[in-house]
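Next comes structure_1.cif, a file with mmCIF, C-alpha atoms.
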data_query
loop_
_atom_site.label_atom_id
_atom_site.label_comp_id
_atom_site.auth_asym_id
_atom_site.auth_seq_id
_atom_site.Cartn_x
_atom_site.Cartn_y
_atom_site.Cartn_z
CA MET A 1 -38.58 -12.14 -18.75
CA SER A 2 -36.71 -13.29 -15.62
CA GLN A 3 -33.65 -11.51 -14.26
CA ASN A 4 -31.45 -14.53 -15.06
CA SER A 5 -32.70 -14.52 -18.66
CA GLU A 6 -31.90 -10.83 -18.94
CA MET A 7 -28.37 -11.46 -17.58
CA VAL A 8 -27.78 -14.29 -20.07
CA LYS A 9 -29.11 -12.13 -22.88
CA GLN A 10 -26.78 -9.27 -21.91
CA GLN A 11 -23.80 -11.63 -21.63
CA VAL A 12 -24.45 -13.01 -25.12
CA ALA A 13 -24.81 -9.48 -26.46
CA ASP A 14 -21.48 -8.46 -24.89
CA GLU A 15 -19.75 -11.54 -26.31
CA ASN A 16 -21.17 -10.83 -29.76
CA LYS A 17 -20.01 -7.22 -29.46
CA ASP A 18 -16.50 -8.39 -28.52
CA VAL A 19 -16.41 -10.69 -31.53
CA LYS A 20 -17.62 -7.87 -33.77
CA GLU A 21 -14.96 -5.53 -32.36
CA ASN A 22 -12.39 -8.24 -33.09
CA ILE A 23 -10.28 -7.52 -30.01
CA PRO A 24 -7.19 -9.78 -30.16
CA GLN A 25 -7.06 -12.46 -27.46
CA ASP A 26 -3.66 -11.30 -26.23
CA ILE A 27 -5.13 -7.89 -25.41
CA ILE A 28 -8.03 -9.49 -23.53
CA GLU A 29 -5.58 -11.61 -21.49
CA GLU A 30 -3.43 -8.54 -20.81
CA ALA A 31 -6.47 -6.62 -19.58
CA LYS A 32 -7.51 -9.51 -17.34
CA GLU A 33 -4.07 -9.63 -15.76
CA LEU A 34 -3.98 -5.86 -15.22
CA CYS A 35 -7.44 -5.87 -13.63
CA ARG A 36 -6.74 -8.65 -11.12
CA GLY A 37 -7.66 -7.55 -7.61
CA ALA A 38 -9.00 -4.18 -8.79
CA GLU A 39 -12.34 -2.58 -9.54
CA VAL A 40 -12.19 -1.12 -13.05
CA LEU A 41 -14.74 1.37 -14.37
CA PRO A 42 -16.47 1.28 -16.72
CA GLU A 43 -17.03 -2.32 -17.90
CA GLY A 44 -14.19 -4.04 -16.08
CA TYR A 45 -11.50 -5.87 -18.00
CA MET A 46 -13.39 -5.68 -21.30
CA GLY A 47 -13.58 -1.90 -20.98
CA LEU A 48 -9.81 -1.84 -20.45
CA ALA A 49 -9.27 -4.26 -23.34
CA ARG A 50 -11.17 -1.92 -25.66
CA ARG A 51 -9.08 1.00 -24.46
CA ILE A 52 -5.83 -0.90 -25.03
CA HIS A 53 -7.05 -2.04 -28.45
CA GLN A 54 -7.87 1.54 -29.47
CA ALA A 55 -4.49 2.80 -28.25
CA ARG A 56 -2.71 0.03 -30.16
CA LYS A 57 -4.53 1.03 -33.35
CA GLU A 58 -3.31 4.58 -32.73
CA GLY A 59 0.23 3.25 -32.34
CA ARG A 60 0.71 4.35 -28.73
CA PRO A 61 0.73 2.93 -25.19
CA LEU A 62 -1.91 3.73 -22.60
CA ARG A 63 -1.20 6.67 -20.33
CA ALA A 64 -1.67 5.38 -16.76
CA LYS A 65 -1.86 8.19 -14.18
CA LEU A 66 -1.04 8.26 -10.49
CA GLY A 67 -1.10 11.45 -8.45
CA VAL A 68 0.99 11.56 -5.28
CA ASP A 69 0.72 14.28 -2.66
CA PRO A 70 3.92 13.82 -0.66
CA THR A 71 2.52 14.77 2.73
CA ALA A 72 4.70 12.27 4.63
CA ALA A 73 8.10 10.74 4.12
CA ASP A 74 7.82 6.98 4.69
CA LEU A 75 5.95 4.41 2.64
CA HIS A 76 4.68 0.94 3.60
CA VAL A 77 3.45 -2.00 1.51
CA GLY A 78 -0.10 -0.64 1.76
CA HIS A 79 1.04 2.47 -0.11
CA ALA A 80 2.88 0.21 -2.54
CA VAL A 81 -0.29 -1.61 -3.70
CA VAL A 82 -1.03 0.95 -6.40
CA LEU A 83 2.67 1.24 -7.30
CA ARG A 84 2.89 -2.50 -7.89
CA LYS A 85 -0.13 -2.28 -10.19
CA LEU A 86 1.55 0.55 -12.07
CA ARG A 87 4.60 -1.68 -12.47
CA ARG A 88 2.37 -4.22 -14.21
CA PHE A 89 1.34 -1.48 -16.66
CA GLN A 90 5.05 -0.81 -17.24
CA ASP A 91 5.71 -4.51 -17.78
CA PHE A 92 3.11 -4.51 -20.55
CA GLY A 93 4.73 -1.50 -22.20
CA HIS A 94 2.35 1.27 -21.14
CA GLN A 95 3.37 4.77 -20.11
CA VAL A 96 3.18 5.51 -16.40
CA VAL A 97 2.66 9.19 -15.60
CA LEU A 98 3.55 10.07 -12.01
CA ILE A 99 2.21 13.43 -10.85
CA ILE A 100 3.85 14.97 -7.81
CA GLY A 101 1.24 17.21 -6.21
CA GLY A 102 3.41 20.27 -5.87
CA PHE A 103 0.23 22.36 -5.92
CA THR A 104 -2.46 20.05 -4.52
CA ALA A 105 -0.33 18.99 -1.54
CA ARG A 106 -0.48 22.61 -0.42
CA ILE A 107 -4.25 22.16 -0.12
CA GLY A 108 -4.32 18.57 1.09
CA ASP A 109 -6.71 15.79 0.11
CA PRO A 110 -9.76 16.03 2.41
CA THR A 111 -10.58 12.34 1.88
CA GLY A 112 -11.09 10.61 5.23
CA ARG A 113 -10.32 13.77 7.15
CA ASN A 114 -12.41 15.18 9.98
CA ALA A 115 -10.56 18.49 9.86
CA THR A 116 -8.84 20.73 7.33
CA ARG A 117 -5.25 19.68 6.65
CA PRO A 118 -2.55 22.14 7.67
CA PRO A 119 -0.99 23.58 4.49
CA LEU A 120 2.45 22.45 3.37
CA THR A 121 5.09 24.77 1.99
CA ALA A 122 6.69 24.17 -1.40
CA GLU A 123 9.89 23.26 0.49
CA ASP A 124 8.02 20.61 2.53
CA VAL A 125 6.62 19.10 -0.66
CA ALA A 126 10.01 19.03 -2.38
CA LYS A 127 11.72 17.38 0.61
CA ASN A 128 9.04 14.71 0.99
CA ALA A 129 8.91 14.09 -2.76
CA GLU A 130 12.64 13.33 -2.85
CA THR A 131 12.22 10.72 -0.10
CA TYR A 132 9.18 9.28 -1.90
CA LEU A 133 11.08 8.82 -5.13
CA HIS A 134 13.93 6.96 -3.41
CA GLN A 135 11.34 4.44 -2.19
CA ILE A 136 9.21 4.38 -5.35
CA GLU A 137 12.23 3.38 -7.43
CA LEU A 138 12.26 0.11 -5.50
CA ILE A 139 9.10 -0.75 -7.46
CA LEU A 140 8.90 1.35 -10.62
CA ASP A 141 11.50 1.76 -13.35
CA LEU A 142 11.84 5.53 -12.96
CA SER A 143 13.80 5.80 -16.22
CA LYS A 144 10.55 4.94 -18.01
CA VAL A 145 8.24 7.07 -15.84
CA GLU A 146 6.96 10.40 -17.11
CA MET A 147 7.54 12.57 -14.05
CA THR A 148 5.45 15.71 -13.68
CA ASN A 149 4.49 18.29 -11.07
CA ASN A 150 0.97 19.68 -11.12
CA ALA A 151 2.23 23.08 -9.98
CA ASP A 152 3.46 23.44 -13.58
CA TRP A 153 -0.11 23.74 -14.89
CA LEU A 154 -2.11 24.69 -11.80
CA ASP A 155 0.01 27.67 -10.70
CA PRO A 156 -0.48 29.51 -14.04
CA LEU A 157 -4.30 29.16 -14.05
CA SER A 158 -6.03 32.55 -14.23
CA LEU A 159 -9.21 33.39 -12.36
CA LYS A 160 -11.03 32.97 -15.67
CA ASP A 161 -9.57 29.45 -15.97
CA VAL A 162 -10.58 28.59 -12.40
CA ILE A 163 -14.15 29.82 -12.97
CA LYS A 164 -14.36 27.69 -16.13
CA LEU A 165 -13.12 24.70 -14.12
CA ALA A 166 -15.62 25.34 -11.34
CA SER A 167 -18.47 25.63 -13.86
CA THR A 168 -18.09 21.97 -14.87
CA CYS A 169 -19.76 20.66 -11.72
CA THR A 170 -22.24 21.76 -9.09
CA ALA A 171 -21.71 22.53 -5.44
CA ASN A 172 -24.16 19.73 -4.72
CA GLN A 173 -21.86 17.23 -6.44
CA LEU A 174 -18.82 18.33 -4.46
CA ILE A 175 -20.61 18.43 -1.11
CA ALA A 176 -21.84 14.90 -1.82
CA LYS A 177 -18.24 13.73 -1.37
CA GLU A 178 -18.30 11.48 1.70
CA ALA A 179 -15.65 13.43 3.62
CA PHE A 180 -17.57 16.68 3.25
CA GLY A 181 -20.98 15.17 3.99
CA ASP A 182 -19.78 13.52 7.19
CA ARG A 183 -18.21 16.70 8.45
CA LEU A 184 -21.27 18.81 7.64
CA ASP A 185 -23.53 16.29 9.39
CA LYS A 186 -21.36 16.62 12.48
CA GLN A 187 -21.33 20.42 12.14
CA GLN A 188 -17.58 20.38 11.58
CA PRO A 189 -16.15 23.10 9.32
CA VAL A 190 -15.35 22.53 5.64
CA SER A 191 -13.04 25.17 4.24
CA PHE A 192 -14.04 26.52 0.83
CA HIS A 193 -10.65 25.80 -0.72
CA GLU A 194 -11.06 22.07 0.10
CA LEU A 195 -13.97 21.89 -2.35
CA PHE A 196 -11.50 22.60 -5.13
CA TYR A 197 -9.29 19.60 -4.37
CA PRO A 198 -11.30 17.04 -6.43
CA LEU A 199 -11.50 19.52 -9.33
CA LEU A 200 -7.77 20.19 -9.27
CA GLN A 201 -6.94 16.48 -9.18
CA ALA A 202 -9.37 16.02 -12.05
CA TYR A 203 -7.67 18.80 -14.02
CA ASP A 204 -4.41 16.85 -13.72
CA SER A 205 -6.07 14.18 -15.90
CA VAL A 206 -6.85 16.87 -18.50
CA ALA A 207 -3.30 18.24 -18.41
CA ILE A 208 -1.58 14.89 -18.96
CA ARG A 209 -4.34 13.37 -21.16
CA ALA A 210 -4.77 10.30 -18.96
CA ASP A 211 -6.31 7.10 -20.35
CA ILE A 212 -6.69 5.53 -16.91
CA GLU A 213 -6.14 6.75 -13.36
CA LEU A 214 -5.18 4.47 -10.48
CA GLY A 215 -5.85 4.91 -6.78
CA GLY A 216 -7.27 3.34 -3.65
CA THR A 217 -10.98 2.76 -3.23
CA ASP A 218 -11.01 5.84 -0.99
CA GLN A 219 -10.12 7.88 -4.09
CA ARG A 220 -13.26 6.88 -6.01
CA PHE A 221 -14.86 10.34 -5.93
CA ASN A 222 -11.68 12.17 -6.98
CA ILE A 223 -10.85 9.76 -9.81
CA LEU A 224 -14.40 9.75 -11.19
CA GLN A 225 -14.32 13.55 -11.09
CA GLY A 226 -11.43 13.36 -13.58
CA ARG A 227 -13.55 11.12 -15.77
CA GLU A 228 -16.38 13.70 -15.60
CA LEU A 229 -14.10 16.64 -16.38
CA GLN A 230 -12.13 15.45 -19.41
CA PRO A 231 -15.02 15.61 -21.94
CA HIS A 232 -15.48 19.31 -21.03
CA TYR A 233 -11.98 19.82 -22.47
CA GLY A 234 -12.50 17.71 -25.60
CA LEU A 235 -10.89 14.50 -24.27
CA ASP A 236 -12.17 10.95 -23.94
CA ALA A 237 -13.17 10.16 -20.36
CA GLN A 238 -10.45 8.27 -18.52
CA MET A 239 -11.03 4.87 -16.98
CA ALA A 240 -10.77 4.35 -13.22
CA MET A 241 -8.85 1.54 -11.54
CA LEU A 242 -9.58 1.32 -7.82
CA LEU A 243 -7.36 -0.85 -5.60
CA PRO A 244 -8.52 -2.21 -2.22
CA LEU A 245 -7.11 -0.70 0.93
CA LEU A 246 -4.81 -3.24 2.58
CA GLU A 247 -5.45 -4.36 6.12
CA GLY A 248 -2.42 -4.35 8.36
CA THR A 249 -0.75 -7.32 9.98
CA ASP A 250 -3.43 -7.29 12.70
CA GLY A 251 -5.97 -8.22 10.01
CA VAL A 252 -8.46 -5.63 11.24
CA LYS A 253 -7.52 -2.02 10.62
CA LYS A 254 -6.15 -0.37 7.50
CA MET A 255 -2.36 -0.61 7.39
CA SER A 256 -1.00 2.47 9.13
CA LYS A 257 1.86 3.60 11.31
CA THR A 258 -0.79 4.93 13.66
CA TYR A 259 -1.97 1.38 14.39
CA ASN A 260 1.54 -0.14 14.39
CA ASN A 261 0.36 -2.80 11.93
CA TYR A 262 2.48 -1.82 8.95
CA ILE A 263 5.32 -3.32 6.93
CA ALA A 264 7.54 -0.40 5.94
CA LEU A 265 9.51 -0.41 2.70
CA LYS A 266 12.50 0.63 4.81
CA ASP A 267 12.13 -2.23 7.31
CA GLU A 268 15.19 -4.42 7.77
CA PRO A 269 14.87 -7.80 5.96
CA ASP A 270 14.40 -9.87 9.12
CA ASP A 271 11.74 -7.48 10.47
CA MET A 272 9.96 -7.39 7.11
CA PHE A 273 9.93 -11.19 6.87
CA GLY A 274 8.76 -11.59 10.47
CA LYS A 275 5.87 -9.20 9.93
CA CYS A 276 4.78 -11.15 6.85
CA MET A 277 4.65 -14.30 8.96
CA ARG A 278 2.18 -12.58 11.32
CA ILE A 279 -0.40 -11.93 8.62
CA PRO A 280 -3.74 -13.65 9.44
CA ASP A 281 -4.33 -16.76 7.35
CA GLU A 282 -7.50 -15.34 5.80
CA LEU A 283 -5.51 -12.45 4.28
CA ILE A 284 -2.74 -14.52 2.67
CA ILE A 285 -4.21 -14.46 -0.85
CA LYS A 286 -5.11 -10.76 -0.62
CA TYR A 287 -1.50 -10.00 0.29
CA PHE A 288 -0.27 -12.10 -2.63
CA GLU A 289 -2.65 -10.21 -4.94
CA LEU A 290 -1.79 -6.73 -3.72
CA THR A 291 1.81 -6.78 -2.50
CA SER A 292 3.69 -9.38 -4.55
CA SER A 293 4.92 -9.81 -8.11
CA PHE A 294 3.45 -13.29 -8.51
CA THR A 295 1.38 -13.75 -11.65
CA GLY A 296 -2.33 -14.45 -11.51
CA LYS A 297 -1.70 -18.08 -12.44
CA GLU A 298 0.84 -18.51 -9.64
CA ILE A 299 -1.51 -16.95 -7.08
CA ASP A 300 -4.33 -19.23 -8.21
CA GLU A 301 -2.05 -22.22 -7.62
CA ILE A 302 -1.23 -21.02 -4.08
CA LYS A 303 -4.94 -20.48 -3.40
CA GLU A 304 -5.74 -23.99 -4.60
CA MET A 305 -2.97 -25.40 -2.39
CA LEU A 306 -4.46 -23.69 0.68
CA GLU A 307 -7.99 -24.79 -0.17
CA LYS A 308 -6.78 -28.38 -0.32
CA GLY A 309 -5.42 -28.18 3.21
CA GLY A 310 -1.92 -26.91 2.57
CA ASN A 311 0.01 -25.32 5.44
CA PRO A 312 -0.53 -21.52 5.56
CA LYS A 313 2.99 -21.17 7.01
CA ASP A 314 4.47 -22.40 3.73
CA ALA A 315 2.49 -19.79 1.81
CA LYS A 316 3.55 -17.03 4.21
CA GLU A 317 7.20 -18.03 3.89
CA LYS A 318 6.88 -17.79 0.11
CA LEU A 319 5.18 -14.40 0.43
CA GLY A 320 7.68 -13.05 2.96
CA LYS A 321 10.63 -14.21 0.89
CA GLN A 322 9.23 -12.55 -2.22
CA ILE A 323 8.41 -9.26 -0.49
CA VAL A 324 11.88 -9.04 1.06
CA ALA A 325 13.43 -9.79 -2.34
CA GLN A 326 11.48 -6.90 -3.90
CA TYR A 327 12.98 -4.34 -1.55
CA HIS A 328 16.30 -5.85 -0.45
CA GLY A 329 17.29 -8.40 -3.10
CA GLU A 330 17.39 -12.18 -3.38
CA ALA A 331 20.36 -12.69 -1.06
CA ALA A 332 18.65 -10.79 1.75
CA SER A 333 15.43 -12.75 1.26
CA GLU A 334 17.27 -16.08 1.49
CA ALA A 335 19.04 -14.92 4.65
CA ALA A 336 15.77 -13.70 6.21
CA LEU A 337 14.09 -17.04 5.52
CA ALA A 338 17.06 -18.94 6.99
CA GLN A 339 17.08 -16.73 10.07
CA TRP A 340 13.34 -17.18 10.58
CA LYS A 341 13.62 -20.95 10.35
CA LYS A 342 16.60 -20.97 12.70
CA VAL A 343 14.81 -18.97 15.39
CA HIS A 344 11.25 -20.24 14.98
CA SER A 345 11.47 -23.68 13.48
CA GLU A 346 14.73 -24.90 14.95
CA LYS A 347 14.23 -22.96 18.21
CA GLN A 348 17.72 -21.44 18.03
CA VAL A 349 18.72 -17.91 18.94
CA PRO A 350 19.90 -15.55 16.18
CA ASP A 351 23.63 -15.09 15.53
CA ASP A 352 23.41 -11.33 15.68
CA MET A 353 21.58 -9.58 18.51
CA PRO A 354 22.02 -6.38 20.52
CA SER A 355 23.75 -6.54 23.89
CA HIS A 356 22.95 -4.91 27.22
CA THR A 357 25.33 -4.64 30.16
CA VAL A 358 24.17 -5.84 33.60
CA SER A 359 26.27 -4.58 36.49
CA GLU A 360 24.09 -5.78 39.39
CA PRO A 361 21.12 -8.10 40.02
CA THR A 362 18.06 -6.53 38.35
CA ALA A 363 14.39 -7.49 38.04
CA VAL A 364 13.63 -9.02 34.66
CA PHE A 365 10.87 -6.50 33.90
CA ARG A 366 13.33 -3.65 34.52
CA LEU A 367 15.93 -5.21 32.21
CA MET A 368 13.28 -5.49 29.47
CA VAL A 369 12.58 -1.76 29.70
CA ASP A 370 16.26 -0.77 29.96
CA ALA A 371 17.14 -2.95 26.94
CA LYS A 372 14.26 -1.36 24.97
CA LEU A 373 12.46 -4.67 24.47
CA CYS A 374 9.17 -3.02 25.43
CA ALA A 375 7.74 0.44 25.90
CA GLY A 376 7.28 0.54 29.68
CA SER A 377 7.10 -1.28 33.00
CA GLY A 378 3.41 -2.12 32.69
CA GLU A 379 3.86 -3.82 29.34
CA ALA A 380 6.98 -5.63 30.58
CA LYS A 381 5.22 -7.09 33.63
CA ARG A 382 2.24 -8.17 31.52
CA LEU A 383 4.49 -9.97 29.00
CA VAL A 384 6.27 -11.84 31.78
CA GLN A 385 3.00 -12.87 33.44
CA GLU A 386 1.60 -14.07 30.09
CA GLY A 387 4.59 -16.38 29.59
CA GLY A 388 6.20 -14.43 26.76
CA VAL A 389 9.65 -14.04 28.34
CA ARG A 390 12.52 -16.53 28.49
CA ILE A 391 16.00 -16.55 30.01
CA ASN A 392 18.35 -18.87 28.11
CA GLY A 393 15.28 -20.62 26.76
CA GLU A 394 13.60 -21.10 30.14
CA GLN A 395 10.25 -19.37 30.69
CA VAL A 396 10.06 -16.74 33.45
CA LYS A 397 6.71 -16.00 35.13
CA ASP A 398 7.69 -13.56 37.90
CA PRO A 399 8.29 -9.97 36.71
CA ASN A 400 10.46 -9.33 39.76
CA HIS A 401 12.70 -12.34 39.14
CA GLN A 402 16.26 -11.11 39.70
CA ILE A 403 18.80 -11.54 36.91
CA ALA A 404 22.50 -11.53 37.77
CA VAL A 405 25.24 -12.01 35.19
CA ASP A 406 28.82 -12.81 36.19
CA LYS A 407 31.57 -10.65 34.76
CA GLY A 408 32.74 -12.06 31.43
CA SER A 409 29.58 -14.16 31.05
CA ASP A 410 26.37 -13.57 29.13
CA ILE A 411 22.81 -14.89 28.99
CA VAL A 412 20.03 -14.45 26.42
CA LEU A 413 16.84 -12.59 27.26
CA GLN A 414 14.01 -13.35 24.80
CA VAL A 415 10.72 -11.47 24.59
CA GLY A 416 8.06 -12.99 22.35
CA ARG A 417 9.22 -14.83 19.29
CA ARG A 418 11.43 -12.27 17.66
CA LYS A 419 13.07 -10.02 20.24
CA PHE A 420 16.42 -11.08 21.70
CA VAL A 421 19.10 -9.30 23.69
CA LYS A 422 22.40 -10.61 25.07
CA LEU A 423 22.82 -9.66 28.72
CA VAL A 424 26.53 -9.17 29.41
CA GLY A 425 28.03 -9.10 32.90
CA SER A 426 30.39 -6.32 33.94
#

If you took the structure in this file and wrote it as structure tokens, what would it be?
Amino acid sequence: MSQNSEMVKQQVADENKDVKENIPQDIIEEAKELCRGAEVLPEGYMGLARRIHQARKEGRPLRAKLGVDPTAADLHVGHAVVLRKLRRFQDFGHQVVLIIGGFTARIGDPTGRNATRPPLTAEDVAKNAETYLHQIELILDLSKVEMTNNADWLDPLSLKDVIKLASTCTANQLIAKEAFGDRLDKQQPVSFHELFYPLLQAYDSVAIRADIELGGTDQRFNILQGRELQPHYGLDAQMAMLLPLLEGTDGVKKMSKTYNNYIALKDEPDDMFGKCMRIPDELIIKYFELTSSFTGKEIDEIKEMLEKGGNPKDAKEKLGKQIVAQYHGEAASEAALAQWKKVHSEKQVPDDMPSHTVSEPTAVFRLMVDAKLCAGSGEAKRLVQEGGVRINGEQVKDPNHQIAVDKGSDIVLQVGRRKFVKLVGS
């Protein structure tokens, strides 16, 4: 029998099974919506539909788990991808369980690391967690979140308990984790305590009786370890929902402060909107899927519009406006859109801009550095030579061009599309 015939046969069998299970259509549609943009194991949206159906028969919501090790203080929209998906679970009435890694953060997730993380103190964790929660509440309804700390169940474990936990998997399985394998291949050290991290994260799923755990695709090993562990403690194996890692505004590297390609949740509305407008066209739909609150149907309509030759700028404006509204409110999003159009579409300068005093004629590149419009002299000279600098709207090409401002007067220095400063004479 051909491979296509086998696939058709399996599809028919699955459909017949679904009919036999009599899963209501509203549950199937709910599962489809929750699974948009994610890899769900096992069996995709139908696996989730079965889980929701079983929970409904038991008269309870699903328990959707997210573990957070607060190792840093600031979040960006890449971090928020999984939080937005959790919000969708909340919208459908499921129970979100947020685990603060009060214990595991003191070890540190070795995923993607080429060295052992420095340990955090309990005080570090508590301080970072407080900052996290202030940002998380911009997305989740914290009044409906079950908040936990894994130190509550991991600290009391006895050596006997730890040995039982360790007996559920082999050293071979743990060393197979990509982070460990890469480091061993490069003859870099792997500390013994790091091997316990996936097991401890997995034990969190036992402690809170998770139905499904969410995380980035880089968390695949850890999340599947939870699925492996639960049956050893008499529980049904949790499902795994893996969300893509979001590329930054450069369209190349993962969103990160390190690469300066991030949109921070704390960004001012105008900055947040401007960064959204810099997203590469090919990532527009991915950003809608992972960072916005648009429904699947609405996103499909935007995708169709773009495929039919619609202007990507219109889609980005819609995206930027929606993202700003999520974190700053509707009024701020309207103002950010108006400001963008004023500066970029109508070629006007913004109403509000910082000022810098000029007491004597000064080279334009030096003024750019002094006014903090760029990091250093080399960057300033390059920007001028590339045509990215204007004085009162007129392009300047000579980095040494002298700028003099009469007392009581002012002129506008513009760098790139979004940076303005008012030069005031003294």

Atom-to-atom span, atom CA of A:Pro156 and atom CA of A:Asp204, Å: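 Here the two named atoms are 13.3 Å from each other.
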
List every residue of stretch 297-364 of chain A that has an atom at most 12 Å from any atom of stretch 36-50 of chain A, and for each one report the closest atom pair and its distance in Å to one decimal, counting all atoms listed in the file, with rows sorted by chain and then by increasing residue number, as CSV.
residue,atom,partner,partner_atom,distance
A:Lys297,CA,A:Arg36,CA,10.8
A:Ile299,CA,A:Arg36,CA,10.6
A:Asp300,CA,A:Arg36,CA,11.2

Can you write out the residues you just picked, keeping C-alpha atoms, as a PDB file, in the coordinates of the input?
ATOM      1  CA  LYS A 297      -1.700 -18.080 -12.440  1.00  0.00           C
ATOM      2  CA  ILE A 299      -1.510 -16.950  -7.080  1.00  0.00           C
ATOM      3  CA  ASP A 300      -4.330 -19.230  -8.210  1.00  0.00           C
TER       4      ASP A 300
END

Neighbouring residues of stretch 140-149 of chain A were defined as those with any atom within 6 Å, considering only C-alpha atoms; residues of the same chain fewer than 5 positions away were excluded. Please report them as a PyMOL selection string. chain A and resi 87+96-102

Any chance you can output those residues with C-alpha atoms as a compact mmCIF listing (two decimals), in the frame of the given file?
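Printed below is out-v8.txt as written:
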# COMPACT_ATOMS: atom_id res chain seq x y z
CA ARG A 87 4.60 -1.68 -12.47
CA VAL A 96 3.18 5.51 -16.40
CA VAL A 97 2.66 9.19 -15.60
CA LEU A 98 3.55 10.07 -12.01
CA ILE A 99 2.21 13.43 -10.85
CA ILE A 100 3.85 14.97 -7.81
CA GLY A 101 1.24 17.21 -6.21
CA GLY A 102 3.41 20.27 -5.87

Hits of the PyMOL selection byres ((chain A and resi 169) around 12) in this structure, as a short mmCIF file (atom, residue, chain, number, x, y, z; two decimals) with C-alpha atoms, in the coordinates of the input:
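Ended up saving to expr-v6.cif:
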data_model
loop_
_atom_site.label_atom_id
_atom_site.label_comp_id
_atom_site.auth_asym_id
_atom_site.auth_seq_id
_atom_site.Cartn_x
_atom_site.Cartn_y
_atom_site.Cartn_z
CA ILE A 163 -14.15 29.82 -12.97
CA LYS A 164 -14.36 27.69 -16.13
CA LEU A 165 -13.12 24.70 -14.12
CA ALA A 166 -15.62 25.34 -11.34
CA SER A 167 -18.47 25.63 -13.86
CA THR A 168 -18.09 21.97 -14.87
CA THR A 170 -22.24 21.76 -9.09
CA ALA A 171 -21.71 22.53 -5.44
CA ASN A 172 -24.16 19.73 -4.72
CA GLN A 173 -21.86 17.23 -6.44
CA LEU A 174 -18.82 18.33 -4.46
CA ILE A 175 -20.61 18.43 -1.11
CA ALA A 176 -21.84 14.90 -1.82
CA LEU A 195 -13.97 21.89 -2.35
CA PHE A 196 -11.50 22.60 -5.13
CA PRO A 198 -11.30 17.04 -6.43
CA LEU A 199 -11.50 19.52 -9.33
CA ALA A 202 -9.37 16.02 -12.05
CA GLN A 225 -14.32 13.55 -11.09
CA GLY A 226 -11.43 13.36 -13.58
CA GLU A 228 -16.38 13.70 -15.60
CA LEU A 229 -14.10 16.64 -16.38
CA HIS A 232 -15.48 19.31 -21.03
#

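Residues matched by the PyMOL selection byres ((chain A and resi 79) around 10) in this file are Asp74, Leu75, His76, Val77, Gly78, Ala80, Val81, Val82, Leu83, Arg84, Ile136, Gly215, Gly216, Leu245, Leu246, Met255, Ser256, Ala264, Leu265 and Thr291 of chain A.
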
Using all atoms listed in the file, which residue out of A:Leu86, A:Ala55, A:Ile27, A:Leu306 lies closest to A:Leu243? A:Leu86

Would you list the contacts of stretch 324-330 of chain A as a PyMOL selection string, taking every protein, DNA or RNA residue within 7 Å and counting all atoms listed in the file, but skipping same-chain residues closer than 2 positions in sequence? chain A and resi 138+265+269+272-273+320-322+332-334

Counting all atoms listed in the file, what is within 12 Å of A:Lys318, bar same-chain residues fewer than 6 positions away, as a ChimeraX atom specification? /A:273,276-277,284-285,287-288,292-294,298-299,302,311-312,324-325,333-334,336-337

Point-to-point distance in Å for atom CA of A:Gly274 and atom CA of A:Gln339: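 Atom CA of A:Gln339 sits 9.8 Å away from atom CA of A:Gly274.
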
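The coordinates place atom CA of A:Gly388 at 22.9 Å from atom CA of A:Lys316.
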
Within 12 Å of stretch 21-25 of chain A, counting only C-alpha atoms, which residues qualify if same-chain residues fewer than 4 places away don't, as a PyMOL selection string? chain A and resi 14-17+29-32+46-57

Specify as a PyMOL selection string each residue included when the PyMOL selection byres ((chain A and resi 121) around 12) is applied to this file. chain A and resi 70-71+101-108+118-120+122-128

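Minimum atom-to-atom distance to A:Lys275, evaluated using only C-alpha atoms, belongs to A:Asp250 out of A:Glu289, A:Glu137, A:Asp370, A:Asp250.
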